[in-house]
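J.: To be precise about what I am sending: the file is called input28.json and holds JSON, C-alpha atoms and all ligand atoms.
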[["chain", "number", "residue", "atom", "x", "y", "z"],
["A", 1211, "MET", "CA", 139.06, 78.07, 149.06],
["A", 1212, "ARG", "CA", 136.86, 76.69, 146.32],
["A", 1213, "LYS", "CA", 136.41, 79.25, 143.57],
["A", 1214, "ILE", "CA", 132.73, 79.67, 142.77],
["A", 1215, "THR", "CA", 132.39, 80.23, 139.08],
["A", 1216, "ASP", "CA", 129.92, 82.29, 137.14],
["A", 1217, "GLY", "CA", 127.65, 79.28, 137.04],
["A", 1218, "ALA", "CA", 127.43, 79.44, 133.29],
["A", 1219, "GLY", "CA", 128.59, 75.90, 132.75],
["A", 1220, "ALA", "CA", 126.29, 74.50, 135.40],
["A", 1221, "SER", "CA", 123.22, 76.32, 134.13],
["A", 1222, "GLY", "CA", 123.82, 75.46, 130.51],
["A", 1223, "HIS", "CA", 123.52, 79.12, 129.53],
["A", 1224, "SER", "CA", 127.10, 79.48, 128.71],
["A", 1225, "GLY", "CA", 128.94, 78.91, 125.57],
["A", 1226, "MET", "CA", 131.94, 79.96, 127.67],
["A", 1227, "ALA", "CA", 134.47, 77.16, 127.88],
["A", 1228, "GLN", "CA", 136.32, 78.32, 131.00],
["A", 1229, "PRO", "CA", 134.66, 79.08, 134.28],
["A", 1230, "LYS", "CA", 135.73, 82.49, 135.55],
["A", 1231, "ASP", "CA", 135.31, 84.36, 138.76],
["A", 1232, "PHE", "CA", 132.87, 87.19, 139.29],
["A", 1233, "LEU", "CA", 135.05, 89.92, 140.70],
["A", 1234, "HIS", "CA", 136.49, 91.13, 137.43],
["A", 1235, "PRO", "CA", 133.16, 91.62, 135.58],
["A", 1236, "MET", "CA", 131.63, 93.10, 138.73],
["A", 1237, "GLN", "CA", 134.36, 95.73, 138.92],
["A", 1238, "GLU", "CA", 133.98, 96.56, 135.24],
["A", 1239, "LEU", "CA", 130.25, 96.97, 135.71],
["A", 1240, "ALA", "CA", 130.59, 99.10, 138.86],
["A", 1241, "ARG", "CA", 133.07, 101.35, 137.05],
["A", 1242, "GLU", "CA", 130.74, 101.72, 134.11],
["A", 1243, "ALA", "CA", 127.82, 102.58, 136.41],
["A", 1244, "GLY", "CA", 130.03, 105.01, 138.38],
["A", 1245, "LEU", "CA", 131.00, 106.84, 135.20],
["A", 1246, "LEU", "CA", 127.35, 107.03, 134.27],
["A", 1247, "LEU", "CA", 126.63, 108.63, 137.67],
["A", 1248, "MET", "CA", 129.38, 111.18, 137.02],
["A", 1249, "SER", "CA", 127.71, 112.15, 133.75],
["A", 1250, "TYR", "CA", 124.66, 113.20, 135.78],
["A", 1251, "PHE", "CA", 126.52, 114.72, 138.75],
["A", 1252, "GLY", "CA", 125.67, 118.39, 139.23],
["A", 1253, "LYS", "CA", 122.93, 118.23, 136.60],
["A", 1254, "VAL", "CA", 120.05, 116.35, 138.20],
["A", 1255, "THR", "CA", 116.83, 117.56, 139.74],
["A", 1256, "ILE", "CA", 115.62, 116.09, 143.00],
["A", 1257, "GLU", "CA", 112.52, 113.89, 143.10],
["A", 1258, "TYR", "CA", 110.95, 112.39, 146.23],
["A", 1259, "LYS", "CA", 110.13, 108.75, 147.07],
["A", 1260, "GLY", "CA", 109.01, 109.70, 150.60],
["A", 1261, "ASP", "CA", 108.92, 112.96, 152.56],
["A", 1262, "VAL", "CA", 112.74, 113.24, 152.63],
["A", 1263, "ASP", "CA", 113.68, 110.11, 150.69],
["A", 1264, "LEU", "CA", 115.28, 111.45, 147.52],
["A", 1265, "VAL", "CA", 115.76, 109.83, 144.15],
["A", 1266, "THR", "CA", 117.21, 111.15, 140.90],
["A", 1267, "LYS", "CA", 117.34, 110.13, 137.25],
["A", 1268, "ALA", "CA", 120.86, 108.93, 137.94],
["A", 1269, "ASP", "CA", 119.70, 106.31, 140.48],
["A", 1270, "ARG", "CA", 117.34, 104.83, 137.92],
["A", 1271, "ALA", "CA", 119.74, 105.01, 134.98],
["A", 1272, "SER", "CA", 122.49, 103.31, 136.97],
["A", 1273, "GLU", "CA", 120.16, 100.52, 138.11],
["A", 1274, "GLN", "CA", 118.92, 100.02, 134.57],
["A", 1275, "LEU", "CA", 122.47, 99.69, 133.28],
["A", 1276, "ILE", "CA", 123.49, 97.22, 135.99],
["A", 1277, "VAL", "CA", 120.35, 95.09, 135.69],
["A", 1278, "ASP", "CA", 120.61, 94.99, 131.88],
["A", 1279, "ARG", "CA", 124.22, 93.82, 132.05],
["A", 1280, "ILE", "CA", 123.53, 91.18, 134.72],
["A", 1281, "SER", "CA", 120.47, 89.95, 132.84],
["A", 1282, "LYS", "CA", 122.48, 89.60, 129.66],
["A", 1283, "GLN", "CA", 125.45, 87.84, 131.24],
["A", 1284, "TRP", "CA", 123.65, 85.79, 133.91],
["A", 1285, "PRO", "CA", 120.00, 85.57, 132.82],
["A", 1286, "ASP", "CA", 119.11, 82.95, 135.40],
["A", 1287, "HIS", "CA", 120.43, 84.84, 138.46],
["A", 1288, "ASP", "CA", 117.99, 86.42, 140.92],
["A", 1289, "LEU", "CA", 118.40, 90.06, 141.82],
["A", 1290, "ILE", "CA", 117.12, 92.85, 144.01],
["A", 1291, "GLY", "CA", 117.80, 96.51, 143.29],
["A", 1292, "GLU", "CA", 116.88, 99.52, 145.40],
["A", 1293, "GLU", "CA", 114.97, 101.23, 142.61],
["A", 1294, "GLY", "CA", 112.54, 98.35, 142.21],
["A", 1295, "SER", "CA", 114.27, 95.69, 140.11],
["A", 1296, "ARG", "CA", 113.42, 92.16, 141.22],
["A", 1297, "ARG", "CA", 113.98, 88.70, 139.81],
["A", 1298, "GLU", "CA", 112.92, 85.73, 141.94],
["A", 1299, "THR", "CA", 113.29, 82.38, 140.26],
["A", 1300, "GLY", "CA", 114.77, 80.31, 143.07],
["A", 1301, "SER", "CA", 118.26, 80.60, 141.57],
["A", 1302, "ASP", "CA", 121.27, 79.75, 143.77],
["A", 1303, "PHE", "CA", 122.65, 83.20, 142.86],
["A", 1304, "ARG", "CA", 121.24, 86.54, 144.00],
["A", 1305, "TRP", "CA", 122.52, 90.05, 143.33],
["A", 1306, "TYR", "CA", 122.05, 92.98, 145.71],
["A", 1307, "ILE", "CA", 122.27, 96.28, 143.84],
["A", 1308, "ASP", "CA", 122.47, 99.80, 145.21],
["A", 1309, "PRO", "CA", 122.93, 101.77, 141.98],
["A", 1310, "LEU", "CA", 123.72, 105.00, 143.85],
["A", 1311, "ASP", "CA", 124.46, 104.93, 147.56],
["A", 1312, "GLY", "CA", 124.50, 108.46, 148.91],
["A", 1313, "THR", "CA", 121.67, 109.90, 146.83],
["A", 1314, "THR", "CA", 121.13, 112.88, 149.14],
["A", 1315, "ASN", "CA", 124.80, 113.82, 148.80],
["A", 1316, "PHE", "CA", 124.67, 113.31, 145.05],
["A", 1317, "ALA", "CA", 121.55, 115.44, 144.65],
["A", 1318, "HIS", "CA", 123.20, 118.30, 146.56],
["A", 1319, "GLY", "CA", 126.51, 118.10, 144.72],
["A", 1320, "PHE", "CA", 128.33, 116.71, 147.79],
["A", 1321, "PRO", "CA", 130.90, 114.29, 146.37],
["A", 1322, "VAL", "CA", 130.44, 111.27, 148.64],
["A", 1323, "PHE", "CA", 128.54, 108.50, 146.84],
["A", 1324, "CYS", "CA", 129.17, 105.17, 145.16],
["A", 1325, "VAL", "CA", 127.83, 102.13, 143.35],
["A", 1326, "SER", "CA", 127.45, 98.99, 145.46],
["A", 1327, "MET", "CA", 126.88, 95.43, 144.28],
["A", 1328, "ALA", "CA", 127.11, 92.07, 145.99],
["A", 1329, "LEU", "CA", 126.57, 88.53, 144.85],
["A", 1330, "GLU", "CA", 125.20, 85.76, 147.04],
["A", 1331, "HIS", "CA", 125.46, 82.03, 146.34],
["A", 1332, "LYS", "CA", 123.20, 79.64, 148.26],
["A", 1333, "GLY", "CA", 122.62, 82.28, 150.93],
["A", 1334, "GLU", "CA", 126.31, 83.21, 151.37],
["A", 1335, "ARG", "CA", 127.69, 86.49, 150.08],
["A", 1336, "ILE", "CA", 130.64, 85.50, 147.90],
["A", 1337, "ALA", "CA", 131.65, 88.77, 146.22],
["A", 1338, "GLY", "CA", 131.15, 92.48, 146.72],
["A", 1339, "VAL", "CA", 132.24, 95.58, 144.85],
["A", 1340, "ILE", "CA", 131.86, 99.25, 145.79],
["A", 1341, "TYR", "CA", 133.07, 101.96, 143.44],
["A", 1342, "ASP", "CA", 133.51, 105.62, 144.33],
["A", 1343, "PRO", "CA", 133.76, 107.44, 140.98],
["A", 1344, "THR", "CA", 134.72, 110.80, 142.53],
["A", 1345, "ARG", "CA", 137.99, 109.40, 143.90],
["A", 1346, "ASP", "CA", 138.32, 106.53, 141.44],
["A", 1347, "GLU", "CA", 138.41, 104.09, 144.35],
["A", 1348, "MET", "CA", 137.38, 100.51, 143.63],
["A", 1349, "PHE", "CA", 136.78, 98.38, 146.72],
["A", 1350, "ALA", "CA", 136.36, 94.67, 146.04],
["A", 1351, "ALA", "CA", 136.14, 91.53, 148.13],
["A", 1352, "GLU", "CA", 135.74, 87.87, 147.44],
["A", 1353, "LYS", "CA", 134.81, 85.43, 150.21],
["A", 1354, "GLY", "CA", 137.96, 83.83, 151.58],
["A", 1355, "SER", "CA", 140.32, 85.96, 149.47],
["A", 1356, "GLY", "CA", 140.55, 89.25, 151.36],
["A", 1357, "SER", "CA", 139.60, 92.80, 150.42],
["A", 1358, "LEU", "CA", 141.19, 95.11, 147.88],
["A", 1359, "LEU", "CA", 141.31, 98.82, 147.17],
["A", 1360, "ASN", "CA", 142.33, 99.51, 143.58],
["A", 1361, "GLY", "CA", 143.87, 96.05, 143.45],
["A", 1362, "ARG", "CA", 145.88, 96.26, 146.70],
["A", 1363, "ALA", "CA", 145.06, 94.33, 149.86],
["A", 1364, "ILE", "CA", 143.45, 96.38, 152.62],
["A", 1365, "HIS", "CA", 143.06, 95.70, 156.35],
["A", 1366, "VAL", "CA", 141.08, 97.17, 159.20],
["A", 1367, "SER", "CA", 142.89, 99.46, 161.66],
["A", 1368, "GLN", "CA", 144.86, 98.42, 164.75],
["A", 1369, "THR", "CA", 143.16, 100.94, 167.07],
["A", 1370, "ALA", "CA", 142.58, 99.12, 170.36],
["A", 1371, "HIS", "CA", 140.65, 101.66, 172.44],
["A", 1372, "LEU", "CA", 137.42, 103.49, 171.68],
["A", 1373, "LYS", "CA", 138.89, 106.68, 173.12],
["A", 1374, "GLU", "CA", 141.44, 106.67, 170.28],
["A", 1375, "SER", "CA", 139.03, 105.79, 167.50],
["A", 1376, "LEU", "CA", 137.30, 107.54, 164.62],
["A", 1377, "VAL", "CA", 133.81, 106.17, 164.14],
["A", 1378, "ALA", "CA", 131.03, 106.60, 161.58],
["A", 1379, "THR", "CA", 127.27, 106.34, 161.55],
["A", 1380, "GLY", "CA", 124.28, 107.40, 159.47],
["A", 1381, "PHE", "CA", 120.72, 108.52, 160.03],
["A", 1382, "PRO", "CA", 117.90, 107.14, 157.88],
["A", 1383, "SER", "CA", 115.53, 109.44, 156.03],
["A", 1384, "HIS", "CA", 112.61, 107.04, 156.52],
["A", 1385, "LYS", "CA", 110.68, 107.40, 159.83],
["A", 1386, "ARG", "CA", 113.42, 109.68, 161.16],
["A", 1387, "HIS", "CA", 111.30, 110.91, 164.06],
["A", 1388, "LYS", "CA", 111.28, 107.41, 165.48],
["A", 1389, "ASN", "CA", 115.01, 106.82, 165.16],
["A", 1390, "PRO", "CA", 116.94, 106.64, 168.47],
["A", 1391, "ASN", "CA", 120.37, 107.07, 166.88],
["A", 1392, "ILE", "CA", 120.99, 110.54, 168.27],
["A", 1393, "HIS", "CA", 121.50, 108.96, 171.73],
["A", 1394, "PHE", "CA", 124.13, 106.63, 170.31],
["A", 1395, "TYR", "CA", 125.71, 109.50, 168.37],
["A", 1396, "HIS", "CA", 125.95, 111.61, 171.52],
["A", 1397, "GLN", "CA", 127.42, 108.89, 173.68],
["A", 1398, "ILE", "CA", 129.95, 107.53, 171.16],
["A", 1399, "THR", "CA", 131.00, 111.10, 170.32],
["A", 1400, "LEU", "CA", 131.91, 111.58, 173.98],
["A", 1401, "ARG", "CA", 133.84, 108.30, 174.06],
["A", 1402, "SER", "CA", 135.87, 108.59, 170.80],
["A", 1403, "HIS", "CA", 137.83, 111.01, 168.63],
["A", 1404, "GLY", "CA", 134.54, 111.71, 166.89],
["A", 1405, "VAL", "CA", 131.68, 110.29, 164.88],
["A", 1406, "ARG", "CA", 131.43, 111.10, 161.17],
["A", 1407, "ARG", "CA", 128.15, 111.07, 159.27],
["A", 1408, "ALA", "CA", 129.15, 111.30, 155.62],
["A", 1409, "GLY", "CA", 125.94, 109.96, 154.03],
["A", 1410, "SER", "CA", 126.93, 106.74, 152.26],
["A", 1411, "ALA", "CA", 126.60, 103.54, 154.27],
["A", 1412, "ALA", "CA", 128.47, 101.53, 151.63],
["A", 1413, "LEU", "CA", 131.46, 103.90, 151.71],
["A", 1414, "ASP", "CA", 131.36, 103.97, 155.52],
["A", 1415, "LEU", "CA", 131.86, 100.20, 155.47],
["A", 1416, "CYS", "CA", 134.66, 100.53, 152.88],
["A", 1417, "TYR", "CA", 136.41, 103.10, 155.05],
["A", 1418, "LEU", "CA", 136.15, 100.76, 158.02],
["A", 1419, "ALA", "CA", 137.60, 97.97, 155.87],
["A", 1420, "CYS", "CA", 140.65, 100.03, 154.89],
["A", 1421, "GLY", "CA", 141.30, 101.56, 158.33],
["A", 1422, "ARG", "CA", 140.09, 105.13, 157.77],
["A", 1423, "TYR", "CA", 137.38, 104.45, 160.35],
["A", 1424, "ASP", "CA", 137.74, 102.13, 163.32],
["A", 1425, "ALA", "CA", 134.04, 101.34, 163.74],
["A", 1426, "TYR", "CA", 130.64, 102.01, 162.20],
["A", 1427, "TRP", "CA", 127.03, 101.44, 163.10],
["A", 1428, "GLU", "CA", 123.63, 102.29, 161.69],
["A", 1429, "PHE", "CA", 119.94, 101.50, 162.19],
["A", 1430, "ASN", "CA", 117.40, 100.46, 159.57],
["A", 1431, "LEU", "CA", 119.56, 99.84, 156.55],
["A", 1432, "ASN", "CA", 118.41, 97.68, 153.67],
["A", 1433, "SER", "CA", 120.09, 94.62, 152.19],
["A", 1434, "TRP", "CA", 121.45, 96.57, 149.20],
["A", 1435, "ASP", "CA", 123.15, 99.09, 151.54],
["A", 1436, "THR", "CA", 125.15, 96.50, 153.46],
["A", 1437, "ALA", "CA", 125.57, 93.37, 151.31],
["A", 1438, "ALA", "CA", 128.88, 94.34, 149.69],
["A", 1439, "GLY", "CA", 130.27, 96.50, 152.51],
["A", 1440, "VAL", "CA", 129.87, 93.90, 155.24],
["A", 1441, "LEU", "CA", 131.80, 91.35, 153.16],
["A", 1442, "LEU", "CA", 134.53, 93.96, 152.59],
["A", 1443, "VAL", "CA", 134.85, 94.57, 156.34],
["A", 1444, "GLU", "CA", 134.92, 90.87, 157.22],
["A", 1445, "GLU", "CA", 137.43, 90.02, 154.51],
["A", 1446, "ALA", "CA", 139.64, 92.89, 155.73],
["A", 1447, "GLY", "CA", 139.76, 91.38, 159.24],
["A", 1448, "GLY", "CA", 136.86, 93.29, 160.78],
["A", 1449, "LYS", "CA", 133.81, 92.09, 162.64],
["A", 1450, "VAL", "CA", 130.14, 92.83, 161.94],
["A", 1451, "THR", "CA", 127.31, 91.89, 164.31],
["A", 1452, "ASN", "CA", 123.98, 93.13, 165.58],
["A", 1453, "TYR", "CA", 123.94, 95.34, 168.71],
["A", 1454, "SER", "CA", 123.91, 92.32, 171.02],
["A", 1455, "GLY", "CA", 126.97, 90.74, 169.44],
["A", 1456, "GLY", "CA", 124.91, 88.15, 167.54],
["A", 1457, "PRO", "CA", 125.53, 87.37, 163.87],
["A", 1458, "PHE", "CA", 124.81, 90.10, 161.34],
["A", 1459, "ASN", "CA", 121.78, 89.26, 159.26],
["A", 1460, "ILE", "CA", 121.22, 90.88, 155.87],
["A", 1461, "ASP", "CA", 117.58, 91.61, 156.78],
["A", 1462, "SER", "CA", 118.44, 92.93, 160.22],
["A", 1463, "ARG", "CA", 117.78, 96.53, 161.25],
["A", 1464, "GLU", "CA", 121.09, 96.67, 163.14],
["A", 1465, "VAL", "CA", 124.63, 96.76, 161.84],
["A", 1466, "LEU", "CA", 127.64, 97.24, 164.09],
["A", 1467, "GLY", "CA", 131.05, 96.89, 162.46],
["A", 1468, "SER", "CA", 134.49, 97.33, 163.94],
["A", 1469, "ASN", "CA", 138.14, 96.52, 163.45],
["A", 1470, "THR", "CA", 137.45, 93.48, 165.73],
["A", 1471, "LEU", "CA", 139.71, 94.89, 168.50],
["A", 1472, "LEU", "CA", 137.07, 97.45, 169.50],
["A", 1473, "HIS", "CA", 134.07, 95.18, 169.26],
["A", 1474, "ALA", "CA", 133.72, 94.13, 172.91],
["A", 1475, "GLU", "CA", 134.09, 97.72, 174.11],
["A", 1476, "LEU", "CA", 131.50, 98.94, 171.62],
["A", 1477, "LEU", "CA", 129.02, 96.23, 172.55],
["A", 1478, "LYS", "CA", 129.38, 97.24, 176.21],
["A", 1479, "GLU", "CA", 128.71, 100.87, 175.30],
["A", 1480, "PHE", "CA", 125.72, 99.90, 173.17],
["A", 1481, "GLN", "CA", 124.23, 97.82, 175.97],
["A", 1482, "ALA", "CA", 124.66, 100.77, 178.35],
["A", 1483, "ILE", "CA", 122.97, 103.15, 175.89],
["A", 1484, "ILE", "CA", 120.12, 100.69, 175.29],
["A", 1485, "ALA", "CA", 119.68, 100.46, 179.08],
["A", 1486, "GLY", "CA", 119.46, 104.28, 179.23],
["A", 1487, "ARG", "CA", 122.84, 104.85, 180.89],
["A", 1488, "VAL", "CA", 123.87, 107.90, 178.86],
["A", 1489, "GLU", "CA", 125.55, 111.14, 179.79],
["A", 1490, "GLY", "CA", 123.09, 114.01, 180.03],
["A", 1491, "LEU", "CA", 123.09, 116.83, 177.51],
["A", 1492, "PRO", "CA", 123.73, 120.36, 178.81],
["A", 1493, "SER", "CA", 120.72, 122.62, 178.48],
["A", 1494, "VAL", "CA", 120.92, 124.97, 175.51],
["A", 1495, "ALA", "CA", 120.01, 127.99, 177.62],
["A", 1496, "GLU", "CA", 122.72, 127.23, 180.20],
["A", 1497, "SER", "CA", 125.37, 126.60, 177.54],
["A", 1498, "LEU", "CA", 124.59, 129.90, 175.83],
["A", 1499, "HIS", "CA", 124.48, 131.70, 179.22],
["A", 1500, "LEU", "CA", 120.93, 132.87, 178.53],
["B", 1601, "LIG", "C1", 121.40, 105.85, 152.21],
["B", 1601, "LIG", "C2", 122.85, 106.07, 152.57],
["B", 1601, "LIG", "C3", 122.97, 106.78, 153.91],
["B", 1601, "LIG", "C4", 122.23, 106.05, 155.00],
["B", 1601, "LIG", "C5", 120.77, 105.86, 154.58],
["B", 1601, "LIG", "C6", 120.71, 105.07, 153.28],
["B", 1601, "LIG", "P1", 120.75, 105.81, 149.60],
["B", 1601, "LIG", "O1", 121.29, 105.13, 150.99],
["B", 1601, "LIG", "O2", 123.55, 104.86, 152.64],
["B", 1601, "LIG", "O3", 124.31, 106.88, 154.33],
["B", 1601, "LIG", "O4", 122.32, 106.79, 156.19],
["B", 1601, "LIG", "O5", 120.10, 105.17, 155.59],
["B", 1601, "LIG", "O6", 119.36, 104.88, 152.92],
["B", 1601, "LIG", "O7", 119.29, 106.06, 149.79],
["B", 1601, "LIG", "O8", 121.53, 107.04, 149.37],
["B", 1601, "LIG", "O9", 121.03, 104.72, 148.62],
["B", 1602, "CA", "CA", 121.82, 102.99, 149.94],
["B", 1603, "CA", "CA", 120.53, 104.06, 146.59]]
Have the structure of the file written as structure tokens, please.
Ligand code: IPD
Ligand code: CA
Ligand code: CA
T.:
Amino acid sequence: MRKITDGAGASGHSGMAQPKDFLHPMQELAREAGLLLMSYFGKVTIEYKGDVDLVTKADRASEQLIVDRISKQWPDHDLIGEEGSRRETGSDFRWYIDPLDGTTNFAHGFPVFCVSMALEHKGERIAGVIYDPTRDEMFAAEKGSGSLLNGRAIHVSQTAHLKESLVATGFPSHKRHKNPNIHFYHQITLRSHGVRRAGSAALDLCYLACGRYDAYWEFNLNSWDTAAGVLLVEEAGGKVTNYSGGPFNIDSREVLGSNTLLHAELLKEFQAIIAGRVEGLPSVAESLHL
């Protein structure tokens, strides 16, 4: 496939003679931001953006670092970062930055979090990098070139039946009273080996990409949560759609990813749940013999 370069030559900002790809500098930057997160880990105080929407100094410091580096290297690229960074100039290139995915985990000292960055060119995501500094795991994907974990090719699992699968989901902190996910959690738990809820959407997608999970879904994510992870899943042979099987959209409130083999079965389950065909829950009193 055509290698999309850093655009430096085309924009006239360069000085660089040779065009180069993005994945290498993206990985360097994600590693640098991940190490910065580690310097704060276990030492931060929790602040609140909403009633249970946490933020820490580390989120802001990581975003600052990433945005500074991107601005220096690619000053004419647009960007959107979770902690408020925006550049909208109509550039062909746009960065999606989640400087710390898994903030609640991070703030509680639970070691499941990462840095996530993706780059879009003319509306198509062309590169994505997710770095987990606690395990030193660097997930990277380039459109048309496959997905890598620490430099080695990764692939989705071969699990063909939901009843043999390990699945993941997440629950948003925003408007949680209105979120219907508990019904999906209940039903898919009964149909699979289990549903994990580890607290980092970006890592959930990475784990689907490398076969640790067989499927993943979540409601109400933002573009910075999914931009890199969805590319990783697709480049590793997986499939990502909305809950009706239609194309995944970066602004959509629905993401359903699988190893491809499970997708039809999952869509059937989701349609049943949406139609209200779910197994009833036992009453608490009866279960406890009260
Ligand atoms: C959150 C995590 C979590 C998901 C939430 C996200 P943040 O991102 O990805 O797994 O369930 O919906 O908001 O706030 O830690 O970057
Ligand atoms: Ca996030
Ligand atoms: Ca975040």
J.: Smallest atom-to-atom distance to Asp1424 in chain A: which of A:Thr1369, A:Asn1452, A:Gln1283, A:Thr1399, using only C-alpha atoms?
T.: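 Among A:Thr1369, A:Asn1452, A:Gln1283, A:Thr1399, it is A:Thr1369 that comes nearest to Asp1424 in chain A.
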J.: Could you list, as number ranges by chain, every residue within 12 Å of Arg1386 in chain A, counting only C-alpha atoms and ignoring same-chain residues fewer than 6 positions away?
T.: A: 1260-1263, 1380, 1392, 1429-1430
J.: Enter the distance from CA of Asp1269 in chain A to CA of Ser1295 in chain A, in Å, rounded to one decimal.
T.: 11.9 Å
J.: Which residues are close to Ser1301 in chain A, i.e. within 12 Å by all atoms listed in the file, leaving aside same-chain residues fewer than 2 positions away? Reply as a count of residues only.
T.: 20
J.: Can you list every residue of chain A that has an atom at most 10 Å from ligand LIG 1601 (chain B), with its nearest atom pair and the distance in Å to one decimal, using only C-alpha atoms and all ligand atoms, ordered by chain then number, as CSV?
T.:
residue,atom,partner,partner_atom,distance
A:Lys1259,CA,B:LIG1601,O7,9.9
A:Asp1263,CA,B:LIG1601,O7,7.0
A:Leu1264,CA,B:LIG1601,O7,7.1
A:Val1265,CA,B:LIG1601,O7,7.6
A:Asp1269,CA,B:LIG1601,O9,8.4
A:Glu1292,CA,B:LIG1601,O9,7.4
A:Glu1293,CA,B:LIG1601,O9,9.2
A:Ile1307,CA,B:LIG1601,O9,9.8
A:Asp1308,CA,B:LIG1601,O9,6.2
A:Pro1309,CA,B:LIG1601,O9,7.5
A:Leu1310,CA,B:LIG1601,O9,5.5
A:Asp1311,CA,B:LIG1601,O9,3.6
A:Gly1312,CA,B:LIG1601,O8,3.3
A:Thr1313,CA,B:LIG1601,O8,3.8
A:Thr1314,CA,B:LIG1601,O8,5.9
A:Asn1315,CA,B:LIG1601,O8,7.5
A:Phe1316,CA,B:LIG1601,O8,8.2
A:Ala1317,CA,B:LIG1601,O8,9.6
A:Val1322,CA,B:LIG1601,O3,9.4
A:Phe1323,CA,B:LIG1601,O8,7.6
A:Cys1324,CA,B:LIG1601,O9,8.9
A:Val1325,CA,B:LIG1601,O9,9.0
A:Ser1326,CA,B:LIG1601,O9,9.2
A:Ala1378,CA,B:LIG1601,O3,9.9
A:Thr1379,CA,B:LIG1601,O4,7.3
A:Gly1380,CA,B:LIG1601,O4,3.9
A:Phe1381,CA,B:LIG1601,O4,4.5
A:Pro1382,CA,B:LIG1601,O5,3.7
A:Ser1383,CA,B:LIG1601,O5,6.3
A:His1384,CA,B:LIG1601,O5,7.8
A:Arg1386,CA,B:LIG1601,O5,9.8
A:Arg1407,CA,B:LIG1601,O3,7.5
A:Ala1408,CA,B:LIG1601,O3,6.7
A:Gly1409,CA,B:LIG1601,O3,3.5
A:Ser1410,CA,B:LIG1601,O3,3.3
A:Ala1411,CA,B:LIG1601,O2,3.7
A:Ala1412,CA,B:LIG1601,O2,6.0
A:Leu1413,CA,B:LIG1601,O2,8.0
A:Asp1414,CA,B:LIG1601,O3,7.7
A:Leu1415,CA,B:LIG1601,O2,9.9
A:Trp1427,CA,B:LIG1601,O4,9.9
A:Glu1428,CA,B:LIG1601,O4,7.2
A:Phe1429,CA,B:LIG1601,O5,7.6
A:Asn1430,CA,B:LIG1601,O5,6.7
A:Leu1431,CA,B:LIG1601,O5,5.4
A:Asn1432,CA,B:LIG1601,O6,7.3
A:Trp1434,CA,B:LIG1601,O9,8.2
A:Asp1435,CA,B:LIG1601,O2,5.9
A:Thr1436,CA,B:LIG1601,O2,8.6
J.: Mind pulling up the distance from CA of Ser1367 in chain A to CA of Gly1467 in chain A?
T.: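 These two atoms are separated by 12.1 Å.
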J.: To one decimal place in Å, what is the distance between CA of Lys1282 in chain A and CA of Ile1336 in chain A?
T.: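 Separating CA of Lys1282 in chain A from CA of Ile1336 in chain A is a distance of 20.4 Å.
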J.: Mind writing range 1461-1472 of chain A to a file for me, with N, CA and C atoms, as a PDB file, in the first residue's frame?
T.:
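Written out: result_3.pdb:
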ATOM      1  N   ASP A1461     -17.455   8.833  15.738  1.00  0.00           N
ATOM      2  CA  ASP A1461     -18.316   9.645  16.614  1.00  0.00           C
ATOM      3  C   ASP A1461     -19.497   8.856  17.157  1.00  0.00           C
ATOM      4  N   SER A1462     -19.520   7.555  16.854  1.00  0.00           N
ATOM      5  CA  SER A1462     -20.665   6.741  17.270  1.00  0.00           C
ATOM      6  C   SER A1462     -20.612   6.462  18.766  1.00  0.00           C
ATOM      7  N   ARG A1463     -21.763   6.170  19.336  1.00  0.00           N
ATOM      8  CA  ARG A1463     -21.852   5.825  20.759  1.00  0.00           C
ATOM      9  C   ARG A1463     -21.774   4.314  20.957  1.00  0.00           C
ATOM     10  N   GLU A1464     -21.552   3.567  19.883  1.00  0.00           N
ATOM     11  CA  GLU A1464     -21.547   2.102  19.965  1.00  0.00           C
ATOM     12  C   GLU A1464     -20.266   1.551  19.349  1.00  0.00           C
ATOM     13  N   VAL A1465     -19.604   0.687  20.088  1.00  0.00           N
ATOM     14  CA  VAL A1465     -18.482  -0.035  19.476  1.00  0.00           C
ATOM     15  C   VAL A1465     -18.588  -1.509  19.860  1.00  0.00           C
ATOM     16  N   LEU A1466     -18.598  -2.343  18.831  1.00  0.00           N
ATOM     17  CA  LEU A1466     -18.636  -3.795  19.027  1.00  0.00           C
ATOM     18  C   LEU A1466     -17.512  -4.387  18.189  1.00  0.00           C
ATOM     19  N   GLY A1467     -16.524  -4.956  18.887  1.00  0.00           N
ATOM     20  CA  GLY A1467     -15.382  -5.545  18.187  1.00  0.00           C
ATOM     21  C   GLY A1467     -15.320  -7.030  18.463  1.00  0.00           C
ATOM     22  N   SER A1468     -14.821  -7.768  17.490  1.00  0.00           N
ATOM     23  CA  SER A1468     -14.663  -9.211  17.704  1.00  0.00           C
ATOM     24  C   SER A1468     -13.509  -9.721  16.859  1.00  0.00           C
ATOM     25  N   ASN A1469     -13.243 -11.017  17.034  1.00  0.00           N
ATOM     26  CA  ASN A1469     -12.211 -11.667  16.219  1.00  0.00           C
ATOM     27  C   ASN A1469     -12.730 -11.989  14.815  1.00  0.00           C
ATOM     28  N   THR A1470     -13.823 -11.419  14.399  1.00  0.00           N
ATOM     29  CA  THR A1470     -14.521 -11.619  13.118  1.00  0.00           C
ATOM     30  C   THR A1470     -15.377 -12.885  13.177  1.00  0.00           C
ATOM     31  N   LEU A1471     -14.790 -14.012  13.634  1.00  0.00           N
ATOM     32  CA  LEU A1471     -15.525 -15.284  13.659  1.00  0.00           C
ATOM     33  C   LEU A1471     -16.770 -15.190  14.537  1.00  0.00           C
ATOM     34  N   LEU A1472     -16.697 -14.422  15.600  1.00  0.00           N
ATOM     35  CA  LEU A1472     -17.806 -14.347  16.564  1.00  0.00           C
ATOM     36  C   LEU A1472     -18.811 -13.256  16.226  1.00  0.00           C
TER      37      LEU A1472
END
